$ cat data27.tsv   # TSV, C-alpha atoms and all ligand atoms
chain	number	residue	atom	x	y	z
A	41	MET	CA	118.19	78.83	93.80
A	42	ASP	CA	115.46	79.41	96.37
A	43	ALA	CA	111.73	79.25	95.79
A	44	VAL	CA	111.24	83.05	95.68
A	45	THR	CA	113.99	83.48	93.08
A	46	GLN	CA	112.39	80.79	90.97
A	47	THR	CA	109.00	82.49	91.08
A	48	ILE	CA	110.57	85.89	90.27
A	49	ASP	CA	112.18	84.21	87.25
A	50	ALA	CA	108.75	82.99	86.19
A	51	VAL	CA	107.23	86.49	86.49
A	52	ALA	CA	110.15	87.98	84.55
A	53	GLY	CA	109.48	85.41	81.84
A	54	LEU	CA	105.82	86.47	81.61
A	55	LEU	CA	106.72	90.17	81.39
A	56	ALA	CA	109.70	89.89	79.06
A	57	GLU	CA	107.75	90.28	75.84
A	58	GLY	CA	106.05	93.49	76.99
A	59	GLY	CA	102.39	94.41	76.91
A	60	ALA	CA	101.53	93.52	80.51
A	61	VAL	CA	98.88	95.32	82.55
A	62	VAL	CA	99.34	95.94	86.28
A	63	LEU	CA	96.50	95.70	88.82
A	64	SER	CA	97.69	97.16	92.12
A	65	GLY	CA	96.22	97.30	95.61
A	66	ALA	CA	96.85	98.59	99.11
A	67	GLY	CA	99.89	96.38	99.70
A	68	LEU	CA	101.88	98.47	97.24
A	69	SER	CA	101.43	101.63	99.31
A	70	THR	CA	102.06	100.30	102.82
A	71	GLU	CA	105.81	100.92	102.35
A	72	SER	CA	104.92	104.58	101.72
A	73	GLY	CA	103.51	104.75	105.24
A	74	ILE	CA	99.90	104.57	104.14
A	75	PRO	CA	97.93	102.22	106.34
A	76	ASP	CA	96.30	99.26	104.66
A	77	TYR	CA	93.26	101.22	103.59
A	78	ARG	CA	90.49	99.01	102.50
A	79	GLY	CA	89.96	100.01	98.92
A	80	PRO	CA	86.90	101.99	98.09
A	81	SER	CA	86.16	103.66	101.40
A	82	GLY	CA	89.61	104.96	102.24
A	83	VAL	CA	88.85	103.92	105.79
A	84	ALA	CA	91.40	101.83	107.64
A	85	ARG	CA	90.72	98.12	107.65
A	86	ARG	CA	89.94	97.71	111.31
A	87	HIS	CA	87.16	100.25	111.14
A	88	THR	CA	83.80	99.32	109.75
A	89	PRO	CA	83.97	100.45	106.12
A	90	MET	CA	81.94	103.54	105.34
A	91	THR	CA	79.11	102.74	103.00
A	92	PHE	CA	77.62	105.17	100.54
A	93	GLN	CA	74.25	104.72	102.24
A	94	ALA	CA	75.57	105.63	105.70
A	95	PHE	CA	77.57	108.55	104.32
A	96	THR	CA	74.62	110.09	102.53
A	97	GLN	CA	71.87	109.28	105.03
A	98	ASP	CA	73.45	109.45	108.48
A	99	PRO	CA	74.77	112.90	109.51
A	100	VAL	CA	76.62	111.41	112.49
A	101	ALA	CA	78.41	108.85	110.32
A	102	ARG	CA	79.26	111.57	107.80
A	103	ARG	CA	80.66	113.81	110.52
A	104	ARG	CA	82.79	110.92	111.82
A	105	TYR	CA	84.05	110.19	108.32
A	106	TRP	CA	85.12	113.78	107.68
A	107	ALA	CA	86.73	114.16	111.10
A	108	ARG	CA	88.86	111.05	110.56
A	109	SER	CA	89.49	111.87	106.93
A	110	HIS	CA	90.58	115.42	107.78
A	111	LEU	CA	93.31	113.97	109.98
A	112	GLY	CA	94.10	111.04	107.68
A	113	TRP	CA	94.68	113.44	104.80
A	114	ARG	CA	97.86	114.58	106.55
A	115	THR	CA	99.26	111.09	106.00
A	116	ILE	CA	98.14	110.87	102.38
A	117	ALA	CA	99.32	114.36	101.47
A	118	ARG	CA	102.85	113.80	102.72
A	119	ALA	CA	103.24	110.23	101.42
A	120	ALA	CA	105.83	109.68	98.69
A	121	PRO	CA	106.03	106.86	96.15
A	122	ASN	CA	108.20	103.94	97.27
A	123	ASP	CA	110.64	101.65	95.44
A	124	GLY	CA	107.72	99.51	94.25
A	125	HIS	CA	105.92	102.43	92.58
A	126	ALA	CA	109.21	103.58	91.05
A	127	ALA	CA	109.90	100.09	89.67
A	128	VAL	CA	106.43	99.92	88.08
A	129	ALA	CA	107.10	103.28	86.40
A	130	ARG	CA	110.45	101.94	85.10
A	131	LEU	CA	108.76	98.81	83.73
A	132	GLN	CA	106.24	101.08	82.02
A	133	ARG	CA	108.90	103.34	80.51
A	134	GLY	CA	110.80	100.26	79.40
A	135	GLY	CA	107.76	99.04	77.45
A	136	LEU	CA	107.16	95.97	79.63
A	137	VAL	CA	103.94	97.34	81.15
A	138	ASP	CA	101.32	99.10	79.01
A	139	ALA	CA	98.99	100.42	81.70
A	140	VAL	CA	98.36	100.46	85.43
A	141	ILE	CA	94.94	99.83	86.95
A	142	THR	CA	95.02	100.70	90.64
A	143	GLN	CA	92.55	100.11	93.43
A	144	ASN	CA	94.46	102.68	95.50
A	145	VAL	CA	93.16	106.21	95.97
A	146	ASP	CA	96.47	107.79	97.02
A	147	GLY	CA	97.79	109.03	93.65
A	148	LEU	CA	101.23	107.48	94.22
A	149	HIS	CA	101.55	105.70	90.85
A	150	THR	CA	101.14	109.02	89.06
A	151	ALA	CA	103.51	110.70	91.52
A	152	ALA	CA	106.10	108.04	90.62
A	153	GLY	CA	105.77	108.88	86.92
A	154	SER	CA	103.49	106.06	85.75
A	155	THR	CA	101.21	106.81	82.82
A	156	PRO	CA	98.58	105.85	81.89
A	157	VAL	CA	97.05	105.02	85.27
A	158	VAL	CA	93.37	104.13	85.71
A	159	GLU	CA	92.26	104.89	89.25
A	160	LEU	CA	89.54	102.28	89.57
A	161	HIS	CA	88.17	103.59	92.87
A	162	GLY	CA	88.85	107.27	92.22
A	163	SER	CA	91.23	109.49	94.10
A	164	LEU	CA	91.27	111.22	97.45
A	165	ASP	CA	92.76	114.33	95.87
A	166	ALA	CA	89.39	115.40	94.48
A	167	VAL	CA	86.07	116.18	96.16
A	168	VAL	CA	82.71	116.31	94.44
A	169	CYS	CA	79.36	117.92	95.32
A	170	LEU	CA	76.61	115.32	95.17
A	171	ASP	CA	74.02	118.00	94.37
A	172	CYS	CA	75.53	120.33	91.74
A	173	GLY	CA	78.42	118.14	90.62
A	174	ASP	CA	81.05	120.80	91.33
A	175	ARG	CA	84.55	119.35	91.74
A	176	ILE	CA	87.24	120.87	93.93
A	177	THR	CA	90.71	119.79	94.98
A	178	ARG	CA	91.29	118.20	98.33
A	179	GLU	CA	93.70	121.03	99.14
A	180	GLU	CA	90.87	123.52	98.77
A	181	LEU	CA	88.59	121.46	100.99
A	182	ASP	CA	91.41	121.06	103.49
A	183	ARG	CA	91.72	124.84	103.78
A	184	ARG	CA	87.97	125.19	104.34
A	185	LEU	CA	87.89	122.40	106.93
A	186	ARG	CA	90.80	123.98	108.81
A	187	ASP	CA	89.02	127.34	108.81
A	188	ALA	CA	85.84	125.71	110.10
A	189	ASN	CA	87.72	123.71	112.75
A	190	PRO	CA	90.49	125.85	114.19
A	191	GLY	CA	92.78	123.89	116.48
A	192	PHE	CA	91.13	120.55	115.76
A	193	SER	CA	94.14	118.85	114.20
A	194	ALA	CA	96.50	119.96	116.94
A	195	ALA	CA	94.14	118.88	119.71
A	196	VAL	CA	93.61	115.45	118.23
A	197	SER	CA	97.24	114.94	117.23
A	198	ALA	CA	98.09	115.31	120.88
A	199	VAL	CA	95.75	112.40	121.60
A	200	ASN	CA	97.02	110.29	118.72
A	201	PRO	CA	100.73	110.89	118.24
A	202	ASP	CA	101.03	108.00	115.77
A	203	GLY	CA	98.57	109.57	113.36
A	204	ASP	CA	95.93	107.03	114.27
A	205	VAL	CA	92.58	108.40	113.29
A	206	ASP	CA	90.50	106.37	115.71
A	207	LEU	CA	88.69	109.33	117.25
A	208	PRO	CA	86.75	109.40	120.51
A	209	ASP	CA	83.10	110.43	120.06
A	210	ALA	CA	83.70	113.59	122.07
A	211	GLN	CA	86.26	114.74	119.51
A	212	VAL	CA	84.06	113.77	116.58
A	213	SER	CA	81.11	115.74	117.95
A	214	ARG	CA	83.24	118.93	117.92
A	215	PHE	CA	84.05	118.56	114.23
A	216	ARG	CA	82.20	120.73	111.73
A	217	PRO	CA	82.02	119.38	108.16
A	218	VAL	CA	81.40	121.91	105.39
A	219	ASP	CA	78.97	121.99	102.47
A	220	CYS	CA	79.60	122.85	98.82
A	221	ALA	CA	80.79	126.43	98.34
A	222	GLY	CA	79.24	126.54	94.86
A	223	CYS	CA	75.59	125.75	95.59
A	224	HIS	CA	75.92	126.38	99.37
A	225	THR	CA	73.85	123.37	100.48
A	226	GLY	CA	75.22	120.43	98.49
A	227	MET	CA	76.78	117.45	100.25
A	228	LEU	CA	80.49	117.03	99.57
A	229	LYS	CA	82.02	113.60	99.10
A	230	PRO	CA	85.57	112.53	98.27
A	231	ASP	CA	85.71	111.44	94.64
A	232	VAL	CA	86.28	107.81	95.60
A	233	VAL	CA	84.05	104.78	95.29
A	234	PHE	CA	82.53	103.84	98.65
A	235	PHE	CA	81.20	100.43	99.59
A	236	GLY	CA	77.66	100.22	98.30
A	237	GLU	CA	78.60	102.29	95.25
A	238	THR	CA	79.54	100.93	91.87
A	239	VAL	CA	82.55	101.95	89.83
A	240	PRO	CA	81.38	104.07	86.86
A	241	PRO	CA	80.60	101.61	84.00
A	242	ALA	CA	82.77	103.46	81.46
A	243	ARG	CA	85.77	103.10	83.78
A	244	VAL	CA	85.11	99.37	84.26
A	245	ALA	CA	84.77	98.92	80.50
A	246	MET	CA	88.09	100.70	79.97
A	247	CYS	CA	89.77	98.31	82.42
A	248	PHE	CA	88.24	95.20	80.82
A	249	ASP	CA	89.50	96.48	77.49
A	250	LEU	CA	93.02	96.93	78.87
A	251	VAL	CA	92.94	93.42	80.31
A	252	ARG	CA	91.61	91.93	77.08
A	253	ARG	CA	94.54	93.35	75.12
A	254	ALA	CA	97.14	92.48	77.77
A	255	ARG	CA	99.81	89.86	77.24
A	256	ALA	CA	99.87	89.23	80.99
A	257	LEU	CA	98.13	90.57	84.09
A	258	LEU	CA	100.45	91.41	86.99
A	259	VAL	CA	98.67	91.77	90.35
A	260	LEU	CA	100.64	93.73	92.95
A	261	GLY	CA	99.79	94.00	96.63
A	262	SER	CA	96.14	93.10	96.53
A	263	SER	CA	94.42	90.31	98.41
A	264	LEU	CA	91.69	90.54	95.72
A	265	THR	CA	89.08	90.47	98.47
A	266	VAL	CA	86.59	92.65	96.65
A	267	MET	CA	85.07	91.66	93.33
A	268	SER	CA	85.78	95.15	92.02
A	269	GLY	CA	89.38	94.06	91.37
A	270	ARG	CA	89.06	90.27	91.34
A	271	ARG	CA	86.80	90.31	88.26
A	272	PHE	CA	89.74	91.39	86.10
A	273	VAL	CA	91.77	88.41	87.28
A	274	ILE	CA	88.89	86.06	86.55
A	275	ARG	CA	88.41	87.60	83.10
A	276	ALA	CA	92.11	87.31	82.24
A	277	ALA	CA	92.21	83.67	83.32
A	278	LYS	CA	89.10	82.87	81.26
A	279	GLN	CA	90.73	84.42	78.20
A	280	GLY	CA	93.92	82.44	78.68
A	281	ILE	CA	95.96	85.51	79.65
A	282	PRO	CA	98.60	84.53	82.19
A	283	VAL	CA	98.16	86.03	85.68
A	284	ALA	CA	101.10	86.70	88.00
A	285	ILE	CA	100.37	87.67	91.60
A	286	VAL	CA	102.97	89.31	93.85
A	287	ASN	CA	101.57	89.69	97.35
A	288	GLN	CA	102.56	88.90	100.90
A	289	GLY	CA	100.06	86.27	102.00
A	290	PRO	CA	97.35	84.39	100.14
A	291	THR	CA	94.85	86.12	97.86
A	292	ARG	CA	91.40	85.25	96.61
A	293	GLY	CA	92.81	85.12	93.10
A	294	ASP	CA	95.43	82.45	93.75
A	295	GLY	CA	93.35	79.81	92.02
A	296	TYR	CA	93.62	81.80	88.77
A	297	ALA	CA	97.32	82.54	89.02
A	298	THR	CA	99.95	81.19	86.64
A	299	VAL	CA	102.63	82.18	89.15
A	300	ARG	CA	102.57	83.47	92.74
A	301	VAL	CA	105.36	85.36	94.51
A	302	ASP	CA	104.96	85.66	98.27
A	303	ALA	CA	107.60	88.29	99.06
A	304	PRO	CA	107.84	92.04	99.77
A	305	LEU	CA	107.01	94.23	96.76
A	306	GLY	CA	109.85	96.61	97.69
A	307	VAL	CA	112.25	93.72	96.93
A	308	VAL	CA	110.55	91.92	94.05
A	309	LEU	CA	109.67	94.92	91.88
A	310	PRO	CA	113.09	96.63	91.82
A	311	GLU	CA	114.55	93.20	91.01
A	312	LEU	CA	112.18	92.82	88.05
A	313	ALA	CA	112.87	96.37	86.85
A	314	ASP	CA	116.65	95.85	87.12
A	315	ARG	CA	116.42	92.68	85.04
A	316	LEU	CA	113.90	93.77	82.44
A	317	ALA	CA	114.30	97.53	82.14
A	318	PRO	CA	117.90	98.24	83.15
A	319	ARG	CA	118.10	101.28	80.89
A	320	ALA	CA	114.68	102.75	81.73
A	321	SER	CA	115.68	106.02	83.31
A	322	LEU	CA	114.76	107.07	86.78
A	323	ALA	CA	113.57	110.33	85.31
A	324	ALA	CA	111.91	112.85	87.55
A	325	PRO	CA	108.20	112.13	87.94
A	326	ARG	CA	106.09	113.96	85.43
A	327	ALA	CA	103.96	116.62	87.05
A	328	ASP	CA	101.69	116.59	84.01
A	329	ALA	CA	101.16	112.82	83.93
A	330	ALA	CA	97.68	112.13	82.73
A	331	VAL	CA	95.39	110.37	85.12
A	332	THR	CA	92.50	108.60	83.52
A	333	ARG	CA	89.22	108.67	85.38
A	334	GLY	CA	86.78	107.69	82.68
B	401	ZN	ZN	77.22	122.00	95.04
$ encode --input "data27.tsv" --output "structure tokens"
Amino acid sequence: MDAVTQTIDAVAGLLAEGGAVVLSGAGLSTESGIPDYRGPSGVARRHTPMTFQAFTQDPVARRRYWARSHLGWRTIARAAPNDGHAAVARLQRGGLVDAVITQNVDGLHTAAGSTPVVELHGSLDAVVCLDCGDRITREELDRRLRDANPGFSAAVSAVNPDGDVDLPDAQVSRFRPVDCAGCHTGMLKPDVVFFGETVPPARVAMCFDLVRRARALLVLGSSLTVMSGRRFVIRAAKQGIPVAIVNQGPTRGDGYATVRVDAPLGVVLPELADRLAPRASLAAPRADAAVTRG
């Protein structure tokens, strides 16, 4: 028996009694074709993360964000859940996992049928006005941005056939962001937590409560770089709740882990679901699955 099989056995042992809570990160969505977005900002890792301060105070930075995001939304909107998301949903239906806390903003857990899901850093599928508080769907904003920027996507796609959203300044300067349609002047922002912003306290409290009641904490595809997620691992370890981490490469939570699996999630998770929840159906994802954004 090789080392990976042994560690998968150990994770299966931790999950077998049920009542686990999942904490997932960007690594779970890379197999869905979503670049390794760096958590809160939704901006690809090699770019400097957008901060809340820059977004709200620097019109040039805001324009650049929306120009990239307008193109990046194509990737998010067409992404489908992968085998890892599906396996988590099976573990949940099988009673092995009680809840999912995700650092991802792509909505793919819910699309795979998981419920409940707490989206720690919000979701890219909603947009909020910072002045009047009006909320709209990303689809609605997408229509307005297309109307305000005819031909933009096509022109830039020709420059970046791989969907890369690293835009030249000349392209960015042509882009026209839009303001809130409700109050006409309000600044729109995706309903995600940027760097320099804090996660709403009620949402954090909900997550700590889930962790406190968990029989085990299963970390999936997160390097636990930011404290926003790592704090739940630290809390679990302090309370004597076993922590299992499945991630390719080291994480900043390894020192708290009861067991570590360094292998692809698309392999490990279906294996766990096959062993622990063989009869959990692969039912069609629920369109009405509740998403909790306390
Ligand atoms: Zn408004």
$ residues_near_ligand --input "data27.tsv" --ligand "ligand ZN 401 (chain B)" --cutoff "10 Å" --atoms "only C-alpha atoms and all ligand atoms" --output "list in words"
Val168, Cys169, Leu170, Asp171, Cys172, Gly173, Asp174, Arg175, Asp219, Cys220, Ala221, Gly222, Cys223, His224, Thr225, Gly226, Met227 and Leu228 of chain A
$ closest_residue --input "data27.tsv" --among "A:Pro310, A:Val233, A:Val140, A:Val299" --to "Gln46 in chain A" --atoms "all atoms listed in the file"
A:Val299
$ closest_residue --input "data27.tsv" --among "A:Val157, A:Ala52, A:Ala195, A:Ala126" --to "Leu207 in chain A" --atoms "all atoms listed in the file"
A:Ala195
$ residues_near_point --input "data27.tsv" --point "(100.7, 106.8, 96.0)" --cutoff "7 Å" --atoms "only C-alpha atoms" --output "count of residues only"
9
$ residues_around --input "data27.tsv" --residues "range 132-134 of chain A" --least-positions-apart "6" --cutoff "12 Å" --atoms "only C-alpha atoms" --output "NGL selection string"
:A and (55-62 or 125-126 or 140 or 149-150 or 152-157 or 312-323 or 325)
$ atom_distance --input "data27.tsv" --atom1 "CA of Ser193 in chain A" --atom2 "CA of Thr70 in chain A"
23.2 Å
$ closest_residue --input "data27.tsv" --among "A:Met267, A:Leu54, A:Ala66, A:Ala107" --to "Ala254 in chain A" --atoms "only C-alpha atoms"
A:Leu54
$ closest_residue --input "data27.tsv" --among "A:Pro230, A:Gly293, A:Gly269, A:Pro89" --to "His110 in chain A" --atoms "only C-alpha atoms"
A:Pro230
$ closest_residue --input "data27.tsv" --among "A:Thr291, A:Ser109, A:Thr298, A:Gln279" --to "Phe248 in chain A" --atoms "only C-alpha atoms"
A:Gln279
$ decode --input "data27.tsv" --residues "range 300-311 of chain A" --atoms "all heavy atoms" --output "PDB file, in the first residue's frame"
ATOM      1  N   ARG A 300      -2.453  14.569   6.285  1.00  0.00           N
ATOM      2  CA  ARG A 300      -2.252  15.353   5.067  1.00  0.00           C
ATOM      3  C   ARG A 300      -2.266  14.417   3.875  1.00  0.00           C
ATOM      4  O   ARG A 300      -1.603  13.391   3.886  1.00  0.00           O
ATOM      5  CB  ARG A 300      -0.857  16.007   5.125  1.00  0.00           C
ATOM      6  CG  ARG A 300      -0.785  17.284   5.898  1.00  0.00           C
ATOM      7  CD  ARG A 300      -1.096  18.466   4.984  1.00  0.00           C
ATOM      8  NE  ARG A 300      -0.123  18.641   3.912  1.00  0.00           N
ATOM      9  CZ  ARG A 300      -0.440  18.741   2.628  1.00  0.00           C
ATOM     10  NH1 ARG A 300      -1.680  18.671   2.239  1.00  0.00           N
ATOM     11  NH2 ARG A 300       0.498  18.918   1.707  1.00  0.00           N
ATOM     12  N   VAL A 301      -3.005  14.769   2.828  1.00  0.00           N
ATOM     13  CA  VAL A 301      -2.948  14.023   1.574  1.00  0.00           C
ATOM     14  C   VAL A 301      -2.457  14.974   0.499  1.00  0.00           C
ATOM     15  O   VAL A 301      -3.100  15.997   0.232  1.00  0.00           O
ATOM     16  CB  VAL A 301      -4.335  13.460   1.157  1.00  0.00           C
ATOM     17  CG1 VAL A 301      -4.195  12.600  -0.090  1.00  0.00           C
ATOM     18  CG2 VAL A 301      -4.953  12.661   2.298  1.00  0.00           C
ATOM     19  N   ASP A 302      -1.320  14.646  -0.091  1.00  0.00           N
ATOM     20  CA  ASP A 302      -0.763  15.478  -1.164  1.00  0.00           C
ATOM     21  C   ASP A 302      -1.020  14.768  -2.493  1.00  0.00           C
ATOM     22  O   ASP A 302      -0.189  14.008  -2.976  1.00  0.00           O
ATOM     23  CB  ASP A 302       0.735  15.689  -0.929  1.00  0.00           C
ATOM     24  CG  ASP A 302       1.302  16.806  -1.803  1.00  0.00           C
ATOM     25  OD1 ASP A 302       0.718  17.082  -2.875  1.00  0.00           O
ATOM     26  OD2 ASP A 302       2.312  17.410  -1.409  1.00  0.00           O
ATOM     27  N   ALA A 303      -2.216  14.965  -3.027  1.00  0.00           N
ATOM     28  CA  ALA A 303      -2.622  14.294  -4.268  1.00  0.00           C
ATOM     29  C   ALA A 303      -3.765  15.083  -4.886  1.00  0.00           C
ATOM     30  O   ALA A 303      -4.401  15.901  -4.213  1.00  0.00           O
ATOM     31  CB  ALA A 303      -3.072  12.858  -3.959  1.00  0.00           C
ATOM     32  N   PRO A 304      -4.032  14.851  -6.197  1.00  0.00           N
ATOM     33  CA  PRO A 304      -5.085  15.627  -6.868  1.00  0.00           C
ATOM     34  C   PRO A 304      -6.466  15.386  -6.253  1.00  0.00           C
ATOM     35  O   PRO A 304      -6.856  14.253  -5.990  1.00  0.00           O
ATOM     36  CB  PRO A 304      -5.044  15.101  -8.307  1.00  0.00           C
ATOM     37  CG  PRO A 304      -3.695  14.489  -8.467  1.00  0.00           C
ATOM     38  CD  PRO A 304      -3.331  13.948  -7.117  1.00  0.00           C
ATOM     39  N   LEU A 305      -7.216  16.462  -6.052  1.00  0.00           N
ATOM     40  CA  LEU A 305      -8.554  16.371  -5.466  1.00  0.00           C
ATOM     41  C   LEU A 305      -9.500  15.565  -6.356  1.00  0.00           C
ATOM     42  O   LEU A 305     -10.382  14.866  -5.856  1.00  0.00           O
ATOM     43  CB  LEU A 305      -9.123  17.781  -5.255  1.00  0.00           C
ATOM     44  CG  LEU A 305      -8.425  18.572  -4.153  1.00  0.00           C
ATOM     45  CD1 LEU A 305      -8.636  20.056  -4.351  1.00  0.00           C
ATOM     46  CD2 LEU A 305      -8.922  18.144  -2.795  1.00  0.00           C
ATOM     47  N   GLY A 306      -9.298  15.667  -7.673  1.00  0.00           N
ATOM     48  CA  GLY A 306     -10.153  14.948  -8.617  1.00  0.00           C
ATOM     49  C   GLY A 306      -9.991  13.441  -8.511  1.00  0.00           C
ATOM     50  O   GLY A 306     -10.794  12.678  -9.053  1.00  0.00           O
ATOM     51  N   VAL A 307      -8.937  12.978  -7.821  1.00  0.00           N
ATOM     52  CA  VAL A 307      -8.720  11.556  -7.580  1.00  0.00           C
ATOM     53  C   VAL A 307      -9.162  11.183  -6.164  1.00  0.00           C
ATOM     54  O   VAL A 307      -9.899  10.225  -5.946  1.00  0.00           O
ATOM     55  CB  VAL A 307      -7.220  11.198  -7.764  1.00  0.00           C
ATOM     56  CG1 VAL A 307      -6.953   9.756  -7.360  1.00  0.00           C
ATOM     57  CG2 VAL A 307      -6.783  11.467  -9.196  1.00  0.00           C
ATOM     58  N   VAL A 308      -8.713  11.984  -5.197  1.00  0.00           N
ATOM     59  CA  VAL A 308      -8.932  11.656  -3.785  1.00  0.00           C
ATOM     60  C   VAL A 308     -10.418  11.722  -3.413  1.00  0.00           C
ATOM     61  O   VAL A 308     -10.937  10.824  -2.733  1.00  0.00           O
ATOM     62  CB  VAL A 308      -8.126  12.608  -2.872  1.00  0.00           C
ATOM     63  CG1 VAL A 308      -8.446  12.336  -1.407  1.00  0.00           C
ATOM     64  CG2 VAL A 308      -6.636  12.459  -3.141  1.00  0.00           C
ATOM     65  N   LEU A 309     -11.107  12.766  -3.842  1.00  0.00           N
ATOM     66  CA  LEU A 309     -12.489  12.960  -3.396  1.00  0.00           C
ATOM     67  C   LEU A 309     -13.461  11.914  -3.946  1.00  0.00           C
ATOM     68  O   LEU A 309     -14.270  11.368  -3.185  1.00  0.00           O
ATOM     69  CB  LEU A 309     -12.956  14.389  -3.711  1.00  0.00           C
ATOM     70  CG  LEU A 309     -12.264  15.449  -2.843  1.00  0.00           C
ATOM     71  CD1 LEU A 309     -12.612  16.856  -3.317  1.00  0.00           C
ATOM     72  CD2 LEU A 309     -12.652  15.284  -1.377  1.00  0.00           C
ATOM     73  N   PRO A 310     -13.401  11.594  -5.253  1.00  0.00           N
ATOM     74  CA  PRO A 310     -14.268  10.501  -5.731  1.00  0.00           C
ATOM     75  C   PRO A 310     -13.976   9.184  -5.011  1.00  0.00           C
ATOM     76  O   PRO A 310     -14.893   8.416  -4.715  1.00  0.00           O
ATOM     77  CB  PRO A 310     -13.928  10.422  -7.229  1.00  0.00           C
ATOM     78  CG  PRO A 310     -13.489  11.803  -7.584  1.00  0.00           C
ATOM     79  CD  PRO A 310     -12.721  12.278  -6.371  1.00  0.00           C
ATOM     80  N   GLU A 311     -12.699   8.946  -4.705  1.00  0.00           N
ATOM     81  CA  GLU A 311     -12.331   7.736  -3.962  1.00  0.00           C
ATOM     82  C   GLU A 311     -13.012   7.720  -2.581  1.00  0.00           C
ATOM     83  O   GLU A 311     -13.585   6.713  -2.164  1.00  0.00           O
ATOM     84  CB  GLU A 311     -10.803   7.692  -3.824  1.00  0.00           C
ATOM     85  CG  GLU A 311     -10.252   6.718  -2.802  1.00  0.00           C
ATOM     86  CD  GLU A 311     -10.062   5.311  -3.366  1.00  0.00           C
ATOM     87  OE1 GLU A 311      -9.971   5.203  -4.601  1.00  0.00           O
ATOM     88  OE2 GLU A 311     -10.028   4.357  -2.576  1.00  0.00           O
TER      89      GLU A 311
END
